[in-house]
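Q: Shown below is the structure under consideration.
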Amino acid sequence: MKREIAKELLKIKAVFLRPDEPFTWASGIRSPIYCDNRLILSYPESRRVVENALAKVISENYPECEVVAGTSTAGIAHAAIVAEILNLPMCYVRGSAKDHGRNNRIEGRVEAGQKVVVVEDLISTGGSVIEVVEALREVGTNVLGVASIFSYGMQKGLDRLAAADVKNISLSDFDALCIAASEEGYIAESDIERLKAFRANPSDESWMQK
């Protein structure tokens, strides 16, 4: 499944690799990978593949799920579609509480004791999804885990998720993407080790040297 999802993401350019012309992140780090899973929403065929796969992951790995929670903002639409497929309630968690009205951080109804699965589009260092999980735990829900579309598999992210006791299952990941990109001719097979070197230490730009 991971490789097939990677091919879908590559096809619509929601994720693609450019090792010889790296992108620059807001942090200033130069990266060979671009990822914007919001683009999935614009392609009905790929959208069906991804959302049905997320629903399957939840059904098979979190069968006790009672509520699907989306991360703000990229995970909201995916969570809503998956909740519809599974016929489950849905909510989403804001990046911060509103400064007016009821000052909600969580939008939609979720009750203490309910079993929740978080839908996230992308996991890199894990910080944002852990904040969402903690917000849901603070109101007394039982967060079973996370279902995400793509994960970089960075060690920092894996360590932070483990420390926060957060289980994550991704439809695809960096390793599957590298293989799929090589098979489809997006990159040369010789680029894979360079890409893995970036993933191992994003601040070390030696990976850019052929």
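We name chains A, B, ... following the order of the structure tokens; residues begin at 1 in each chain, and ligands are numbered from 1 as shown.
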Tell me, which residues of range 3-34 of chain A carry DSSP strand (DSSP E or B), written as a ChimeraX atom specification?
A: /A:15-17,23-24,30-31,33-34
Q: I need the alpha helix (DSSP H) residues of range 89-134 of chain A per DSSP on the backbone, written as JSON, numbers by chain.
A: {"A": [127, 128, 129, 130, 131, 132, 133, 134]}
Q: Filtering to all heavy atoms, could you give me those residues as a PDB file, in the first residue's frame?
A:
ATOM      1  N   GLY A 127       5.679  17.375  16.236  1.00  0.00           N
ATOM      2  CA  GLY A 127       5.248  18.350  17.238  1.00  0.00           C
ATOM      3  C   GLY A 127       3.795  18.750  17.139  1.00  0.00           C
ATOM      4  O   GLY A 127       3.076  18.777  18.144  1.00  0.00           O
ATOM      5  N   SER A 128       3.316  19.054  15.932  1.00  0.00           N
ATOM      6  CA  SER A 128       1.950  19.562  15.790  1.00  0.00           C
ATOM      7  C   SER A 128       0.903  18.500  16.106  1.00  0.00           C
ATOM      8  O   SER A 128      -0.108  18.788  16.758  1.00  0.00           O
ATOM      9  CB  SER A 128       1.728  20.121  14.377  1.00  0.00           C
ATOM     10  OG  SER A 128       1.966  19.130  13.402  1.00  0.00           O
ATOM     11  N   VAL A 129       1.133  17.270  15.672  1.00  0.00           N
ATOM     12  CA  VAL A 129       0.123  16.244  15.938  1.00  0.00           C
ATOM     13  C   VAL A 129       0.123  15.865  17.416  1.00  0.00           C
ATOM     14  O   VAL A 129      -0.941  15.549  17.986  1.00  0.00           O
ATOM     15  CB  VAL A 129       0.342  15.005  15.040  1.00  0.00           C
ATOM     16  CG1 VAL A 129       1.511  14.141  15.508  1.00  0.00           C
ATOM     17  CG2 VAL A 129      -0.927  14.175  14.963  1.00  0.00           C
ATOM     18  N   ILE A 130       1.269  15.937  18.078  1.00  0.00           N
ATOM     19  CA  ILE A 130       1.311  15.662  19.515  1.00  0.00           C
ATOM     20  C   ILE A 130       0.507  16.716  20.273  1.00  0.00           C
ATOM     21  O   ILE A 130      -0.216  16.400  21.227  1.00  0.00           O
ATOM     22  CB  ILE A 130       2.765  15.594  20.015  1.00  0.00           C
ATOM     23  CG1 ILE A 130       3.443  14.322  19.497  1.00  0.00           C
ATOM     24  CG2 ILE A 130       2.822  15.634  21.550  1.00  0.00           C
ATOM     25  CD1 ILE A 130       4.931  14.258  19.752  1.00  0.00           C
ATOM     26  N   GLU A 131       0.585  17.974  19.846  1.00  0.00           N
ATOM     27  CA  GLU A 131      -0.206  19.029  20.476  1.00  0.00           C
ATOM     28  C   GLU A 131      -1.700  18.752  20.341  1.00  0.00           C
ATOM     29  O   GLU A 131      -2.485  18.986  21.269  1.00  0.00           O
ATOM     30  CB  GLU A 131       0.119  20.386  19.845  1.00  0.00           C
ATOM     31  CG  GLU A 131       1.484  20.935  20.234  1.00  0.00           C
ATOM     32  CD  GLU A 131       1.728  22.309  19.638  1.00  0.00           C
ATOM     33  OE1 GLU A 131       0.804  22.861  19.006  1.00  0.00           O
ATOM     34  OE2 GLU A 131       2.841  22.829  19.796  1.00  0.00           O
ATOM     35  N   VAL A 132      -2.116  18.247  19.185  1.00  0.00           N
ATOM     36  CA  VAL A 132      -3.524  17.902  18.958  1.00  0.00           C
ATOM     37  C   VAL A 132      -3.942  16.767  19.896  1.00  0.00           C
ATOM     38  O   VAL A 132      -5.003  16.814  20.534  1.00  0.00           O
ATOM     39  CB  VAL A 132      -3.746  17.515  17.485  1.00  0.00           C
ATOM     40  CG1 VAL A 132      -5.109  16.853  17.295  1.00  0.00           C
ATOM     41  CG2 VAL A 132      -3.629  18.744  16.599  1.00  0.00           C
ATOM     42  N   VAL A 133      -3.115  15.743  19.978  1.00  0.00           N
ATOM     43  CA  VAL A 133      -3.412  14.618  20.865  1.00  0.00           C
ATOM     44  C   VAL A 133      -3.522  15.087  22.310  1.00  0.00           C
ATOM     45  O   VAL A 133      -4.456  14.700  23.040  1.00  0.00           O
ATOM     46  CB  VAL A 133      -2.327  13.524  20.731  1.00  0.00           C
ATOM     47  CG1 VAL A 133      -2.490  12.467  21.831  1.00  0.00           C
ATOM     48  CG2 VAL A 133      -2.387  12.874  19.353  1.00  0.00           C
ATOM     49  N   GLU A 134      -2.610  15.951  22.729  1.00  0.00           N
ATOM     50  CA  GLU A 134      -2.637  16.441  24.108  1.00  0.00           C
ATOM     51  C   GLU A 134      -3.887  17.263  24.387  1.00  0.00           C
ATOM     52  O   GLU A 134      -4.464  17.180  25.479  1.00  0.00           O
ATOM     53  CB  GLU A 134      -1.374  17.248  24.391  1.00  0.00           C
ATOM     54  CG  GLU A 134      -0.121  16.370  24.475  1.00  0.00           C
ATOM     55  CD  GLU A 134       1.159  17.168  24.634  1.00  0.00           C
ATOM     56  OE1 GLU A 134       1.124  18.397  24.416  1.00  0.00           O
ATOM     57  OE2 GLU A 134       2.197  16.563  24.981  1.00  0.00           O
TER      58      GLU A 134
END
Q: Excluding range 3-19 of chain A and any residue of its chain fewer than 5 positions from it, enumerate the residues within 7 Å of it, using only C-alpha atoms, and give them as a list in words.
A: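 Counting only the stated atoms, we get Pro32, Ile33, Tyr34, Cys35, Asp36, Asn37, Leu39, Ile40, Ser46, Leu171, Ser172, Ala176, Leu177 and Ala180 of chain A.
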Q: Tell me which protein, DNA and RNA residues are within 10 Å of Ala80 in chain A, counting only C-alpha atoms, leaving out same-chain ones fewer than 5 positions away, and put them as number ranges by chain.
A: A: 51, 68-70, 75, 85-86, 88-92, 119
Q: Counting only C-alpha atoms, which residue out of A:Val93, A:Ile123, A:Ala112, A:Ile192 sits closest to Ser72 in chain A?
A: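 Closest to Ser72 in chain A, using only C-alpha atoms: A:Val93.
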Q: Considering only C-alpha atoms, state which residue in the set A:Phe150, A:Glu84, A:Ala74, A:Pro63 is at the smallest distance from Lys115 in chain A.
A: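 Answer, going by the shortest atom-to-atom distance: A:Pro63.
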Q: Considering only C-alpha atoms, can you say which of A:Gly28, A:Pro202, A:Gly185, A:Gly113 comes closest to Val143 in chain A?
A: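 Ranking A:Gly28, A:Pro202, A:Gly185, A:Gly113 by distance to Val143 in chain A, first place goes to A:Gly113.
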Q: Between CA of Met154 in chain A and CA of Glu45 in chain A, measure the distance and give it in Å to one decimal.
A: 29.3 Å
Q: Identify which of the residues A:Cys65, A:Val116, A:Ile81, A:Val57 lies closest to Gly140 in chain A, counting only C-alpha atoms when measuring atom-to-atom distances.
A: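 Answer, going by the shortest atom-to-atom distance: A:Val116.
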Q: Near Val166 in chain A, counting only C-alpha atoms, which residues have an atom at most 9 Å away, once you skip same-chain residues fewer than 3 positions from it, shown as a ChimeraX atom specification?
A: /A:130,133,143-146,160-163
Q: Counting only C-alpha atoms, what is within 9 Å of range 207-210 of chain A, bar same-chain residues fewer than 4 positions away, as a PyMOL selection string?
A: chain A and resi 19-20+22+32+191+193-198+202
Q: Using N, CA, C and O atoms, can you export the residues from the last selection as a JSON list (two decimals), in the first residue's frame?
A:
[["chain", "number", "residue", "atom", "x", "y", "z"],
["A", 19, "PRO", "N", 16.06, 16.49, -5.89],
["A", 19, "PRO", "CA", 17.37, 16.53, -5.20],
["A", 19, "PRO", "C", 18.38, 17.48, -5.82],
["A", 19, "PRO", "O", 19.27, 17.97, -5.12],
["A", 20, "ASP", "N", 18.27, 17.76, -7.12],
["A", 20, "ASP", "CA", 19.24, 18.65, -7.75],
["A", 20, "ASP", "C", 18.83, 20.12, -7.70],
["A", 20, "ASP", "O", 19.63, 21.00, -7.99],
["A", 22, "PRO", "N", 16.93, 21.79, -4.78],
["A", 22, "PRO", "CA", 16.21, 21.71, -3.50],
["A", 22, "PRO", "C", 15.33, 22.91, -3.20],
["A", 22, "PRO", "O", 15.58, 24.03, -3.65],
["A", 32, "PRO", "N", 15.15, 18.30, -0.41],
["A", 32, "PRO", "CA", 14.88, 17.72, -1.72],
["A", 32, "PRO", "C", 13.43, 17.32, -1.91],
["A", 32, "PRO", "O", 13.05, 16.84, -2.98],
["A", 191, "ASP", "N", 20.13, 8.52, -6.51],
["A", 191, "ASP", "CA", 19.75, 9.64, -5.64],
["A", 191, "ASP", "C", 19.20, 9.18, -4.29],
["A", 191, "ASP", "O", 19.12, 9.97, -3.35],
["A", 193, "GLU", "N", 20.23, 7.26, -1.83],
["A", 193, "GLU", "CA", 21.10, 7.40, -0.66],
["A", 193, "GLU", "C", 21.26, 8.85, -0.25],
["A", 193, "GLU", "O", 21.35, 9.18, 0.94],
["A", 194, "ARG", "N", 21.31, 9.77, -1.23],
["A", 194, "ARG", "CA", 21.38, 11.20, -0.91],
["A", 194, "ARG", "C", 20.14, 11.64, -0.16],
["A", 194, "ARG", "O", 20.21, 12.40, 0.82],
["A", 195, "LEU", "N", 18.99, 11.16, -0.61],
["A", 195, "LEU", "CA", 17.73, 11.54, 0.03],
["A", 195, "LEU", "C", 17.66, 10.99, 1.46],
["A", 195, "LEU", "O", 17.20, 11.68, 2.37],
["A", 196, "LYS", "N", 18.13, 9.78, 1.64],
["A", 196, "LYS", "CA", 18.12, 9.20, 2.99],
["A", 196, "LYS", "C", 19.10, 9.94, 3.91],
["A", 196, "LYS", "O", 18.86, 10.06, 5.11],
["A", 197, "ALA", "N", 20.18, 10.44, 3.33],
["A", 197, "ALA", "CA", 21.13, 11.23, 4.12],
["A", 197, "ALA", "C", 20.48, 12.53, 4.59],
["A", 197, "ALA", "O", 20.69, 12.97, 5.73],
["A", 198, "PHE", "N", 19.67, 13.14, 3.74],
["A", 198, "PHE", "CA", 18.92, 14.33, 4.14],
["A", 198, "PHE", "C", 17.99, 13.99, 5.29],
["A", 198, "PHE", "O", 17.92, 14.71, 6.29],
["A", 202, "PRO", "N", 18.63, 16.66, 8.41],
["A", 202, "PRO", "CA", 18.22, 17.71, 7.49],
["A", 202, "PRO", "C", 19.11, 18.96, 7.51],
["A", 202, "PRO", "O", 19.19, 19.68, 6.51]]
Q: Tell me, as a ChimeraX atom specification, which residues lie within 9 Å of Ser124 in chain A, counting only C-alpha atoms; anything in the same chain fewer than 6 positions away does not count.
A: /A:150-154,156-158
Q: For CA of Val110 in chain A and CA of Ala135 in chain A, quote the distance in Å rounded to one decimal.
A: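 Computing it gives 11.7 Å between the two atoms.
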Q: Identify which of the residues A:Val49, A:Ile106, A:Ala164, A:Ala83 lies closest to Lys2 in chain A, counting only C-alpha atoms when measuring atom-to-atom distances.
A: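 Of A:Val49, A:Ile106, A:Ala164, A:Ala83, the one nearest Lys2 in chain A, counting only C-alpha atoms, is A:Val49.
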Q: Find the distance between CA of Gln114 in chain A and CA of Glu66 in chain A and write it in Å to one decimal.
A: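 For CA of Gln114 in chain A relative to CA of Glu66 in chain A, the distance reads 6.3 Å.
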Q: Nearest to Asp173 in chain A among A:Ser59, A:Trp25, A:Ala53, A:Met1, with distances taken over only C-alpha atoms: which residue is it?
A: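 Of all the options, A:Met1 lies closest to Asp173 in chain A.
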